[in-house]
Amino acid sequence: MPSQKEETTELSDEQLRILRDHGTERAGTSPLNDEKREGCYFCAGCGEAVFSSEAKYDSGSGWPSFFQALEKAVDLSEDTRFGMYRVEVHCACCRGHLGHLFPDGPRPTGQRYCINGLALNFVPSDSPEK
């Protein structure tokens, strides 16, 4: 998998709140919601590739959504905060909080990775940065 480790820059306060303190950005605020180009989504915390544009879709949830992660790119854990059960999605490399996984996505997986845009960096396929 591609990596951008050498490209990773200092995180903003909001990125730190999301990635390290399990925060969530407000729905509908990420420019990545409207990103339609081919490319790769990298963890903003460590630069590891976590999602492909091939798995991205518009879920209508207000957050970038994917029906699958790249192989071995994310780990899952139980999240029972706020009195509910959810499946939390972490970067497998740095353990940064990316978002949550829900069982209401499209085929072929039926899964919806609901991901904070600030937890990701997108690099288009035609970019010299890839």
# chains A, B, ... in the order shown; residues from 1 in each chain; ligands from 1
call {"tool": "residues_around", "arguments": {"residues": "stretch 100-112 of chain A", "least_positions_apart": "4", "cutoff": "8 Å", "atoms": "only C-alpha atoms", "output": "PyMOL selection string"}}
result
chain A and resi 59+65-68+86-89
call {"tool": "write_last_selection", "arguments": {"atoms": "C-alpha atoms", "output": "compact mmCIF listing (two decimals), in the first residue's frame"}}
result
# COMPACT_ATOMS: atom_id res chain seq x y z
CA SER A 59 -24.36 7.91 1.98
CA SER A 65 -18.44 7.17 3.48
CA PHE A 66 -16.83 4.02 2.12
CA PHE A 67 -18.15 0.46 1.74
CA GLN A 68 -14.76 -1.08 2.53
CA ARG A 86 -21.11 1.36 17.90
CA VAL A 87 -18.10 -0.07 16.08
CA GLU A 88 -15.20 2.37 16.10
CA VAL A 89 -12.76 2.48 13.17
call {"tool": "residues_around", "arguments": {"residues": "A:Ser30", "least_positions_apart": "6", "cutoff": "8 Å", "atoms": "only C-alpha atoms", "output": "MDAnalysis selection string"}}
result
chainID A and resid 63:64 116:118
call {"tool": "residues_around", "arguments": {"residues": "A:Gly62", "least_positions_apart": "4", "cutoff": "8 Å", "atoms": "only C-alpha atoms", "output": "JSON, numbers by chain"}}
result
{"A": [27, 28, 29, 33]}
call {"tool": "atom_distance", "arguments": {"atom1": "atom CA of A:Gly39", "atom2": "atom CA of A:Phe51"}}
result
9.0 Å
call {"tool": "select_by_dssp", "arguments": {"residues": "stretch 9-65 of chain A", "states": "alpha helix (DSSP H)", "output": "list in words"}}
result
Asp13, Glu14, Gln15, Leu16, Arg17, Ile18, Leu19, Arg20 and Asp21 of chain A
call {"tool": "atom_distance", "arguments": {"atom1": "atom CA of A:Asp126", "atom2": "atom CA of A:Cys40"}}
result
10.6 Å
call {"tool": "residues_around", "arguments": {"residues": "A:Phe42", "least_positions_apart": "2", "cutoff": "7 Å", "atoms": "only C-alpha atoms", "output": "list in words"}}
result
Cys40, Ala44, Gly47, Glu48, Ala49, Val50, Phe51, Leu120, Asn121 and Phe122 of chain A
call {"tool": "decode", "arguments": {"residues": "stretch 9-92 of chain A", "atoms": "C-alpha atoms", "output": "PDB file, in the first residue's frame"}}
result
ATOM      1  CA  THR A   9       2.477  17.437   8.621  1.00  0.00           C
ATOM      2  CA  GLU A  10       1.598  18.732  12.048  1.00  0.00           C
ATOM      3  CA  LEU A  11      -2.027  18.160  12.991  1.00  0.00           C
ATOM      4  CA  SER A  12      -4.464  20.976  13.718  1.00  0.00           C
ATOM      5  CA  ASP A  13      -6.179  21.162  17.108  1.00  0.00           C
ATOM      6  CA  GLU A  14      -9.378  19.818  15.529  1.00  0.00           C
ATOM      7  CA  GLN A  15      -7.531  16.904  13.886  1.00  0.00           C
ATOM      8  CA  LEU A  16      -5.922  16.071  17.227  1.00  0.00           C
ATOM      9  CA  ARG A  17      -9.354  16.145  18.910  1.00  0.00           C
ATOM     10  CA  ILE A  18     -10.729  13.713  16.327  1.00  0.00           C
ATOM     11  CA  LEU A  19      -7.769  11.365  15.846  1.00  0.00           C
ATOM     12  CA  ARG A  20      -6.441  11.205  19.415  1.00  0.00           C
ATOM     13  CA  ASP A  21      -9.489  12.030  21.580  1.00  0.00           C
ATOM     14  CA  HIS A  22     -12.148  10.152  19.552  1.00  0.00           C
ATOM     15  CA  GLY A  23     -13.934  13.325  18.497  1.00  0.00           C
ATOM     16  CA  THR A  24     -16.319  13.858  15.601  1.00  0.00           C
ATOM     17  CA  GLU A  25     -16.518  16.741  13.155  1.00  0.00           C
ATOM     18  CA  ARG A  26     -19.869  18.360  12.438  1.00  0.00           C
ATOM     19  CA  ALA A  27     -21.849  16.640   9.688  1.00  0.00           C
ATOM     20  CA  GLY A  28     -21.642  18.250   6.272  1.00  0.00           C
ATOM     21  CA  THR A  29     -18.479  20.253   6.983  1.00  0.00           C
ATOM     22  CA  SER A  30     -15.854  18.194   5.154  1.00  0.00           C
ATOM     23  CA  PRO A  31     -14.887  19.108   1.591  1.00  0.00           C
ATOM     24  CA  LEU A  32     -14.183  15.385   1.132  1.00  0.00           C
ATOM     25  CA  ASN A  33     -17.957  14.766   1.089  1.00  0.00           C
ATOM     26  CA  ASP A  34     -17.993  16.118  -2.457  1.00  0.00           C
ATOM     27  CA  GLU A  35     -14.671  14.606  -3.592  1.00  0.00           C
ATOM     28  CA  LYS A  36     -15.331  12.546  -6.731  1.00  0.00           C
ATOM     29  CA  ARG A  37     -11.848  12.132  -8.238  1.00  0.00           C
ATOM     30  CA  GLU A  38      -9.999   8.832  -8.334  1.00  0.00           C
ATOM     31  CA  GLY A  39      -7.324   8.545  -5.706  1.00  0.00           C
ATOM     32  CA  CYS A  40      -6.362   7.375  -2.254  1.00  0.00           C
ATOM     33  CA  TYR A  41      -7.353   8.514   1.219  1.00  0.00           C
ATOM     34  CA  PHE A  42      -4.561   8.515   3.799  1.00  0.00           C
ATOM     35  CA  CYS A  43      -4.706   8.698   7.603  1.00  0.00           C
ATOM     36  CA  ALA A  44      -3.949  12.311   8.556  1.00  0.00           C
ATOM     37  CA  GLY A  45      -2.278  11.051  11.721  1.00  0.00           C
ATOM     38  CA  CYS A  46       0.423   8.865  10.188  1.00  0.00           C
ATOM     39  CA  GLY A  47       0.119   8.945   6.403  1.00  0.00           C
ATOM     40  CA  GLU A  48      -0.871   5.322   5.845  1.00  0.00           C
ATOM     41  CA  ALA A  49      -3.333   4.558   3.045  1.00  0.00           C
ATOM     42  CA  VAL A  50      -6.728   3.580   4.503  1.00  0.00           C
ATOM     43  CA  PHE A  51      -9.400   3.932   1.775  1.00  0.00           C
ATOM     44  CA  SER A  52      -9.605   3.968  -2.013  1.00  0.00           C
ATOM     45  CA  SER A  53     -11.881   6.247  -4.011  1.00  0.00           C
ATOM     46  CA  GLU A  54     -13.231   3.054  -5.612  1.00  0.00           C
ATOM     47  CA  ALA A  55     -15.028   2.278  -2.321  1.00  0.00           C
ATOM     48  CA  LYS A  56     -16.340   5.814  -1.674  1.00  0.00           C
ATOM     49  CA  TYR A  57     -20.024   6.617  -2.076  1.00  0.00           C
ATOM     50  CA  ASP A  58     -22.513   9.290  -1.032  1.00  0.00           C
ATOM     51  CA  SER A  59     -24.357   7.907   1.984  1.00  0.00           C
ATOM     52  CA  GLY A  60     -26.238  11.133   2.689  1.00  0.00           C
ATOM     53  CA  SER A  61     -24.912  11.003   6.270  1.00  0.00           C
ATOM     54  CA  GLY A  62     -22.844  14.194   6.062  1.00  0.00           C
ATOM     55  CA  TRP A  63     -19.505  12.389   6.412  1.00  0.00           C
ATOM     56  CA  PRO A  64     -17.268  10.782   3.787  1.00  0.00           C
ATOM     57  CA  SER A  65     -18.438   7.174   3.476  1.00  0.00           C
ATOM     58  CA  PHE A  66     -16.829   4.025   2.118  1.00  0.00           C
ATOM     59  CA  PHE A  67     -18.150   0.460   1.739  1.00  0.00           C
ATOM     60  CA  GLN A  68     -14.758  -1.082   2.528  1.00  0.00           C
ATOM     61  CA  ALA A  69     -11.317  -0.160   3.812  1.00  0.00           C
ATOM     62  CA  LEU A  70      -8.032  -1.138   2.228  1.00  0.00           C
ATOM     63  CA  GLU A  71      -6.808  -4.560   3.353  1.00  0.00           C
ATOM     64  CA  LYS A  72      -5.277  -4.494   6.860  1.00  0.00           C
ATOM     65  CA  ALA A  73      -5.518  -0.672   6.931  1.00  0.00           C
ATOM     66  CA  VAL A  74      -8.011  -0.299   9.785  1.00  0.00           C
ATOM     67  CA  ASP A  75      -8.812  -1.971  13.077  1.00  0.00           C
ATOM     68  CA  LEU A  76     -12.211  -2.088  14.758  1.00  0.00           C
ATOM     69  CA  SER A  77     -13.182  -1.810  18.415  1.00  0.00           C
ATOM     70  CA  GLU A  78     -16.342  -1.650  20.498  1.00  0.00           C
ATOM     71  CA  ASP A  79     -17.541   1.847  21.392  1.00  0.00           C
ATOM     72  CA  THR A  80     -20.176   2.034  24.131  1.00  0.00           C
ATOM     73  CA  ARG A  81     -19.795   5.725  24.951  1.00  0.00           C
ATOM     74  CA  PHE A  82     -22.955   7.834  25.029  1.00  0.00           C
ATOM     75  CA  GLY A  83     -25.074   4.834  26.079  1.00  0.00           C
ATOM     76  CA  MET A  84     -25.099   3.145  22.679  1.00  0.00           C
ATOM     77  CA  TYR A  85     -23.174   0.404  20.925  1.00  0.00           C
ATOM     78  CA  ARG A  86     -21.107   1.358  17.902  1.00  0.00           C
ATOM     79  CA  VAL A  87     -18.102  -0.069  16.080  1.00  0.00           C
ATOM     80  CA  GLU A  88     -15.199   2.368  16.104  1.00  0.00           C
ATOM     81  CA  VAL A  89     -12.764   2.483  13.166  1.00  0.00           C
ATOM     82  CA  HIS A  90      -9.073   3.116  13.911  1.00  0.00           C
ATOM     83  CA  CYS A  91      -6.023   3.419  11.671  1.00  0.00           C
ATOM     84  CA  ALA A  92      -4.204   0.085  12.015  1.00  0.00           C
TER      85      ALA A  92
END
